[in-house]
Structure formats: C-alpha cells, structure tokens
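Peer 1: Can you keep this structure in mind? I'll have questions shortly.
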Amino acid sequence: MKILLLNGPNLNRLGKRQPEIYGTETLESIELRLRAVAGAKSCELSAKQSNHEGELIDALHEAADEGYAGVIFNPAAYTHTSIALRDAVASISIPVLEVHLSNIHARETFRHTSMIAAEAIGQIAGFGSYGYEMALYALIHYAKEND
Ligand code: DQA
C-alpha cells in the first residue's frame, strides 16, 4: 500500500519556524519517522512538500493516478483560503486525511475555517508531529476497511 505525505507552504521551515507553536522537529525528521512507521506496517510512504498551490494540486492528482491508497495532507495556510485545493481533493477518489500540528480551532479566528475539511475523511489537529503518525494509523485502517 502506497501513501503520500503532502505538506504545504512554510512547512519546510519546521524546526526553526515559530517552535513554540510548531515544535522543534524538522520536516525531514518527521518524514524519516513516518517512513519507518509505514515500513513496519508494510506500507510505502512517499513525502512531498511544496510552497506552491499548483504543485500541491498536481501532487494530489498524481497520487490518485499512480494508485496511492491515500494522502496525509497538511495544506498549511492554504487550508483557510484555497478553493482550488478543496476542488483537487474533491476531484480524486482516494481518501485524504487533513493534519495540522497546532490546534487551528484554538488559534486566530481566520484559522478556524478549513476549506479542505468537508472533502477530507477527517482532520487531526493539535498533537504536534505525532498527529502525522496518528493520521498514518487512521489512514491505513480506513483504507483496509474500505477496500
Ligand atoms: C498549520 C496551521 C495553519 O493555520 C498554518 O498556516 C500553518 C501550519 C499547522 O500545521 O498547524 O502553516 O497547518
């Protein structure tokens, strides 16, 4: 089973970006850990990060066309603004699980709305980088249940 870990804008700066909110772990280290967890569950994890909306849209389309079982997606700030990303999630038939390191519902009001959530199978927010691991377990479970 192939799973895509997809991260949006500014998440390449994890580790040095507002560590009081997003923690001190780098994206590279999160990706390595997730790859190991996936491997232990006989899954193959690919990871992509982009600061560009169109590249994130292309990555979602490609994951669906290349037979991925699902996507773990942190759309970062695009969560709150991007109808194009919402439409991209709606345009593919594979499950997309939305993840946020911080609890977006406990932050500024503009972060309370997710354009993506209604098209995702679910959302995990507020558990830091462990949220990605939770999402991986949940997505594997979901994919097996809905096979
Ligand atoms: C984020 C939350 C977003 O509001 C913010 O724009 C991000 C990161 C998170 O993981 O907590 O860039 O998606």
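Residues are referred to by chain and number: the chain letter is A, B, ... according to the order shown in the structure tokens, the number counts from 1 in that chain, and ligands are numbered separately from 1 in the order shown.
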For region 117-120 of chain A, work out the shell of residues within 8 Å, counting only C-alpha atoms and skipping chain neighbours fewer than 2 positions away, then give it as a PDB file with N, CA and C atoms, in the first residue's frame.

Peer 2:
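Result file is part.pdb:
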```pdb
ATOM      1  N   ARG A  86      -9.323  22.518  -2.307  1.00  0.00           N
ATOM      2  CA  ARG A  86     -10.542  21.787  -1.929  1.00  0.00           C
ATOM      3  C   ARG A  86     -11.080  21.028  -3.145  1.00  0.00           C
ATOM      4  N   VAL A  89      -9.002  17.987  -3.901  1.00  0.00           N
ATOM      5  CA  VAL A  89      -9.310  16.863  -3.012  1.00  0.00           C
ATOM      6  C   VAL A  89     -10.620  16.204  -3.458  1.00  0.00           C
ATOM      7  N   ALA A  90     -11.597  17.043  -3.836  1.00  0.00           N
ATOM      8  CA  ALA A  90     -12.889  16.508  -4.288  1.00  0.00           C
ATOM      9  C   ALA A  90     -12.764  15.778  -5.628  1.00  0.00           C
ATOM     10  N   PRO A  95      -8.791   8.515  -0.382  1.00  0.00           N
ATOM     11  CA  PRO A  95      -9.005   9.281   0.847  1.00  0.00           C
ATOM     12  C   PRO A  95      -7.870  10.248   1.176  1.00  0.00           C
ATOM     13  N   VAL A  96      -8.256  11.429   1.635  1.00  0.00           N
ATOM     14  CA  VAL A  96      -7.293  12.448   2.062  1.00  0.00           C
ATOM     15  C   VAL A  96      -7.582  12.768   3.523  1.00  0.00           C
ATOM     16  N   LEU A  97      -6.564  12.676   4.354  1.00  0.00           N
ATOM     17  CA  LEU A  97      -6.715  12.978   5.780  1.00  0.00           C
ATOM     18  C   LEU A  97      -5.967  14.285   6.080  1.00  0.00           C
ATOM     19  N   GLU A  98      -6.684  15.249   6.633  1.00  0.00           N
ATOM     20  CA  GLU A  98      -6.099  16.575   6.899  1.00  0.00           C
ATOM     21  C   GLU A  98      -5.408  16.589   8.259  1.00  0.00           C
ATOM     22  N   SER A 114     -11.671  25.566   7.679  1.00  0.00           N
ATOM     23  CA  SER A 114     -10.885  24.782   6.728  1.00  0.00           C
ATOM     24  C   SER A 114     -11.697  24.603   5.459  1.00  0.00           C
ATOM     25  N   MET A 115     -11.102  25.016   4.343  1.00  0.00           N
ATOM     26  CA  MET A 115     -11.749  24.791   3.042  1.00  0.00           C
ATOM     27  C   MET A 115     -11.694  23.311   2.691  1.00  0.00           C
ATOM     28  N   GLY A 122     -11.273  13.091   7.364  1.00  0.00           N
ATOM     29  CA  GLY A 122     -11.226  13.544   8.747  1.00  0.00           C
ATOM     30  C   GLY A 122     -10.073  14.504   8.937  1.00  0.00           C
ATOM     31  N   GLN A 123     -10.003  15.048  10.156  1.00  0.00           N
ATOM     32  CA  GLN A 123      -8.972  16.050  10.455  1.00  0.00           C
ATOM     33  C   GLN A 123      -8.334  15.733  11.807  1.00  0.00           C
TER      34      GLN A 123
END
```

Peer 1: Would you mind listing what lies within 10 Å of region 10-22 of chain A as a short mmCIF file (atom, residue, chain, number, x, y, z; two decimals) with N, CA and C atoms, in the first residue's frame, with only C-alpha atoms counted and same-chain residues fewer than 4 positions away left out?

Peer 2:
```cif
data_model
loop_
_atom_site.label_atom_id
_atom_site.label_comp_id
_atom_site.auth_asym_id
_atom_site.auth_seq_id
_atom_site.Cartn_x
_atom_site.Cartn_y
_atom_site.Cartn_z
N THR A 26 12.33 18.86 12.67
CA THR A 26 12.34 19.28 11.26
C THR A 26 11.41 18.38 10.45
N LEU A 27 11.03 18.87 9.28
CA LEU A 27 10.16 18.08 8.41
C LEU A 27 10.88 16.80 7.97
N GLU A 28 12.17 16.93 7.72
CA GLU A 28 12.96 15.77 7.30
C GLU A 28 12.89 14.66 8.35
N SER A 29 13.01 15.06 9.62
CA SER A 29 12.97 14.07 10.68
C SER A 29 11.57 13.45 10.82
N ILE A 30 10.53 14.27 10.62
CA ILE A 30 9.16 13.73 10.66
C ILE A 30 8.97 12.73 9.52
N LYS A 48 6.27 14.66 0.03
CA LYS A 48 6.49 15.84 -0.81
C LYS A 48 6.11 17.07 -0.02
N GLN A 49 6.84 18.15 -0.26
CA GLN A 49 6.48 19.44 0.34
C GLN A 49 6.56 20.48 -0.76
N SER A 50 5.60 21.40 -0.78
CA SER A 50 5.70 22.50 -1.74
C SER A 50 5.13 23.77 -1.15
N ASN A 51 5.73 24.88 -1.56
CA ASN A 51 5.22 26.19 -1.15
C ASN A 51 4.25 26.74 -2.20
N HIS A 52 3.94 25.93 -3.23
CA HIS A 52 3.15 26.42 -4.35
C HIS A 52 1.84 25.64 -4.49
N ASN A 74 -1.14 18.15 5.05
CA ASN A 74 -1.17 19.38 5.83
C ASN A 74 -1.09 20.54 4.83
N PRO A 75 -2.24 21.14 4.51
CA PRO A 75 -2.25 22.21 3.50
C PRO A 75 -1.73 23.54 4.04
N ALA A 76 -1.34 23.56 5.33
CA ALA A 76 -0.82 24.77 5.98
C ALA A 76 -1.78 25.95 5.75
N ALA A 77 -1.26 27.14 5.41
CA ALA A 77 -2.13 28.32 5.32
C ALA A 77 -3.17 28.19 4.21
N HIS A 100 -2.97 19.01 11.05
CA HIS A 100 -2.32 20.26 11.47
C HIS A 100 -1.55 20.00 12.75
N LEU A 101 -0.37 20.55 12.82
CA LEU A 101 0.43 20.39 14.04
C LEU A 101 -0.25 21.10 15.21
N SER A 102 -0.70 22.32 14.95
CA SER A 102 -1.33 23.11 16.02
C SER A 102 -2.84 22.88 16.00
N ASN A 103 -3.47 23.24 17.11
CA ASN A 103 -4.94 23.16 17.15
C ASN A 103 -5.50 24.42 16.52
N GLY A 126 -3.58 19.56 16.52
CA GLY A 126 -3.25 19.90 17.90
C GLY A 126 -2.31 18.94 18.60
N PHE A 127 -1.85 17.92 17.91
CA PHE A 127 -0.99 16.92 18.56
C PHE A 127 0.46 17.00 18.10
N GLY A 128 0.83 18.14 17.50
CA GLY A 128 2.19 18.29 17.03
C GLY A 128 2.52 17.25 15.97
N SER A 129 3.79 16.89 15.89
CA SER A 129 4.20 15.98 14.81
C SER A 129 3.62 14.57 15.00
#
```

Peer 1: What does the distance between atom 9 (C, counted along the ligand's line) of ligand 1 and CA of Met134 (chain A) come to in Å, to one decimal place?

Peer 2: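 These two atoms are separated by 14.7 Å.
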
Peer 1: Hey, which of A:Leu6, A:Leu136, A:Ile121, A:Leu34 ends up closest to ligand 1? Count only C-alpha atoms and all ligand atoms.

Peer 2: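 Selected residue with least distance to ligand 1: A:Leu6.
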
Peer 1: Determine which residues of region 25-127 of chain A receive a DSSP assignment of strand (DSSP E or B), computed from the backbone, and state them as a VMD selection string.

Peer 2: chain A and resid 44 to 49 70 to 74 96 to 100 122 to 125

Peer 1: Please produce an output containing C-alpha atoms for each residue in the selection, written as a short mmCIF file (atom, residue, chain, number, x, y, z; two decimals), in the first residue's frame.

Peer 2:
```cif
data_model
loop_
_atom_site.label_atom_id
_atom_site.label_comp_id
_atom_site.auth_asym_id
_atom_site.auth_seq_id
_atom_site.Cartn_x
_atom_site.Cartn_y
_atom_site.Cartn_z
CA GLU A 44 5.44 2.55 1.41
CA LEU A 45 5.45 6.25 2.25
CA SER A 46 6.47 8.98 -0.19
CA ALA A 47 6.86 12.53 1.04
CA LYS A 48 6.49 15.84 -0.81
CA GLN A 49 6.48 19.44 0.34
CA GLY A 70 -4.44 7.76 0.33
CA VAL A 71 -2.86 11.08 1.26
CA ILE A 72 -1.90 12.60 4.61
CA PHE A 73 -2.17 16.31 3.87
CA ASN A 74 -1.17 19.38 5.83
CA VAL A 96 -7.29 12.45 2.06
CA LEU A 97 -6.72 12.98 5.78
CA GLU A 98 -6.10 16.58 6.90
CA VAL A 99 -3.43 17.17 9.54
CA HIS A 100 -2.32 20.26 11.47
CA GLY A 122 -11.23 13.54 8.75
CA GLN A 123 -8.97 16.05 10.45
CA ILE A 124 -6.30 15.69 13.15
CA ALA A 125 -5.12 18.94 14.76
#
```

Peer 1: DSSP on the backbone, then: every residue of region 23-92 of chain A marked helix (DSSP H, G or I), written as a PyMOL selection string.

Peer 2: chain A and resi 27-40+53-65+76-80+83-91

Peer 1: Pick out the closest residue to Thr113 (chain A) from this set: A:His80, A:Gly67, A:Ala135, A:Ile57. Count only C-alpha atoms.

Peer 2: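 Of the candidates, the smallest distance to Thr113 (chain A) is held by A:His80.
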
Peer 1: Within 8 Å of Ser91 (chain A), counting only C-alpha atoms, which residues show up once you throw out same-chain ones fewer than 3 positions away? Write them as JSON, numbers by chain, please.

Peer 2: {"A": [61, 87, 88]}

Peer 1: Could you save the residues just selected, with N, CA and C atoms, as a PDB file, in the first residue's frame?

Peer 2:
```
ATOM      1  N   HIS A  61      -3.410  15.011  -7.664  1.00  0.00           N
ATOM      2  CA  HIS A  61      -3.854  14.307  -8.887  1.00  0.00           C
ATOM      3  C   HIS A  61      -2.959  13.102  -9.164  1.00  0.00           C
ATOM      4  N   ASP A  87     -11.142  21.714  -4.302  1.00  0.00           N
ATOM      5  CA  ASP A  87     -11.636  21.070  -5.517  1.00  0.00           C
ATOM      6  C   ASP A  87     -10.725  19.911  -5.931  1.00  0.00           C
ATOM      7  N   ALA A  88      -9.425  20.073  -5.712  1.00  0.00           N
ATOM      8  CA  ALA A  88      -8.488  18.997  -6.061  1.00  0.00           C
ATOM      9  C   ALA A  88      -8.762  17.766  -5.199  1.00  0.00           C
TER      10      ALA A  88
END
```

Peer 1: From the list A:Met1, A:Ile104, A:Lys144, A:Ile83, which residue is nearest Cys43 (chain A) when using only C-alpha atoms?

Peer 2: A:Met1

Peer 1: Rank A:Ala38, A:Gly54, A:Gly8, A:Tyr142 by their smallest atom-to-atom distance to ligand 1, using only C-alpha atoms and all ligand atoms, and report the top residue only.

Peer 2: A:Gly8

Peer 1: Kindly give the distance, in Å, that separates CA of Ser42 (chain A) and CA of Glu25 (chain A), rounded to a single decimal.

Peer 2: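 According to the coordinates, CA of Ser42 (chain A) and CA of Glu25 (chain A) are separated by 24.9 Å.
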
Peer 1: Applying 10 Å and only C-alpha atoms, which residues near Ala143 (chain A) remain after dropping the ones on its own chain fewer than 3 positions away? List them as a PDB file with C-alpha atoms, in the first residue's frame.

Peer 2:
```
ATOM      1  CA  MET A   1       0.000   0.000   0.000  1.00  0.00           C
ATOM      2  CA  ALA A  69      -4.108   4.308  -1.236  1.00  0.00           C
ATOM      3  CA  GLY A  70      -4.437   7.763   0.328  1.00  0.00           C
ATOM      4  CA  ILE A  94      -8.645   8.272  -2.835  1.00  0.00           C
ATOM      5  CA  PRO A  95      -9.005   9.281   0.847  1.00  0.00           C
ATOM      6  CA  ALA A 138      -6.017   6.075  10.777  1.00  0.00           C
ATOM      7  CA  LEU A 139      -5.462   6.110   7.013  1.00  0.00           C
ATOM      8  CA  ILE A 140      -4.152   2.531   6.908  1.00  0.00           C
ATOM      9  CA  ASN A 146     -12.921   0.447   2.631  1.00  0.00           C
ATOM     10  CA  ASP A 147     -11.014  -1.865   0.322  1.00  0.00           C
TER      11      ASP A 147
END
```

Peer 1: Identify which of the residues A:Ile116, A:Leu56, A:Leu4, A:Ala36 lies closest to Thr81 (chain A), counting only C-alpha atoms when measuring atom-to-atom distances.

Peer 2: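 Closest candidate: A:Ile116.
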
Peer 1: For ligand 1, which of A:Gly23, A:Ile92, A:Gly39, A:Glu145 is the closest residue, counting only C-alpha atoms and all ligand atoms?

Peer 2: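 Ranking A:Gly23, A:Ile92, A:Gly39, A:Glu145 by distance to ligand 1, first place goes to A:Gly23.
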
Peer 1: Mind giving me the straight-line distance from CA of Thr24 (chain A) to atom 13 (O, counted along the ligand's line) of ligand 1 in Å, one decimal?

Peer 2: 15.2 Å
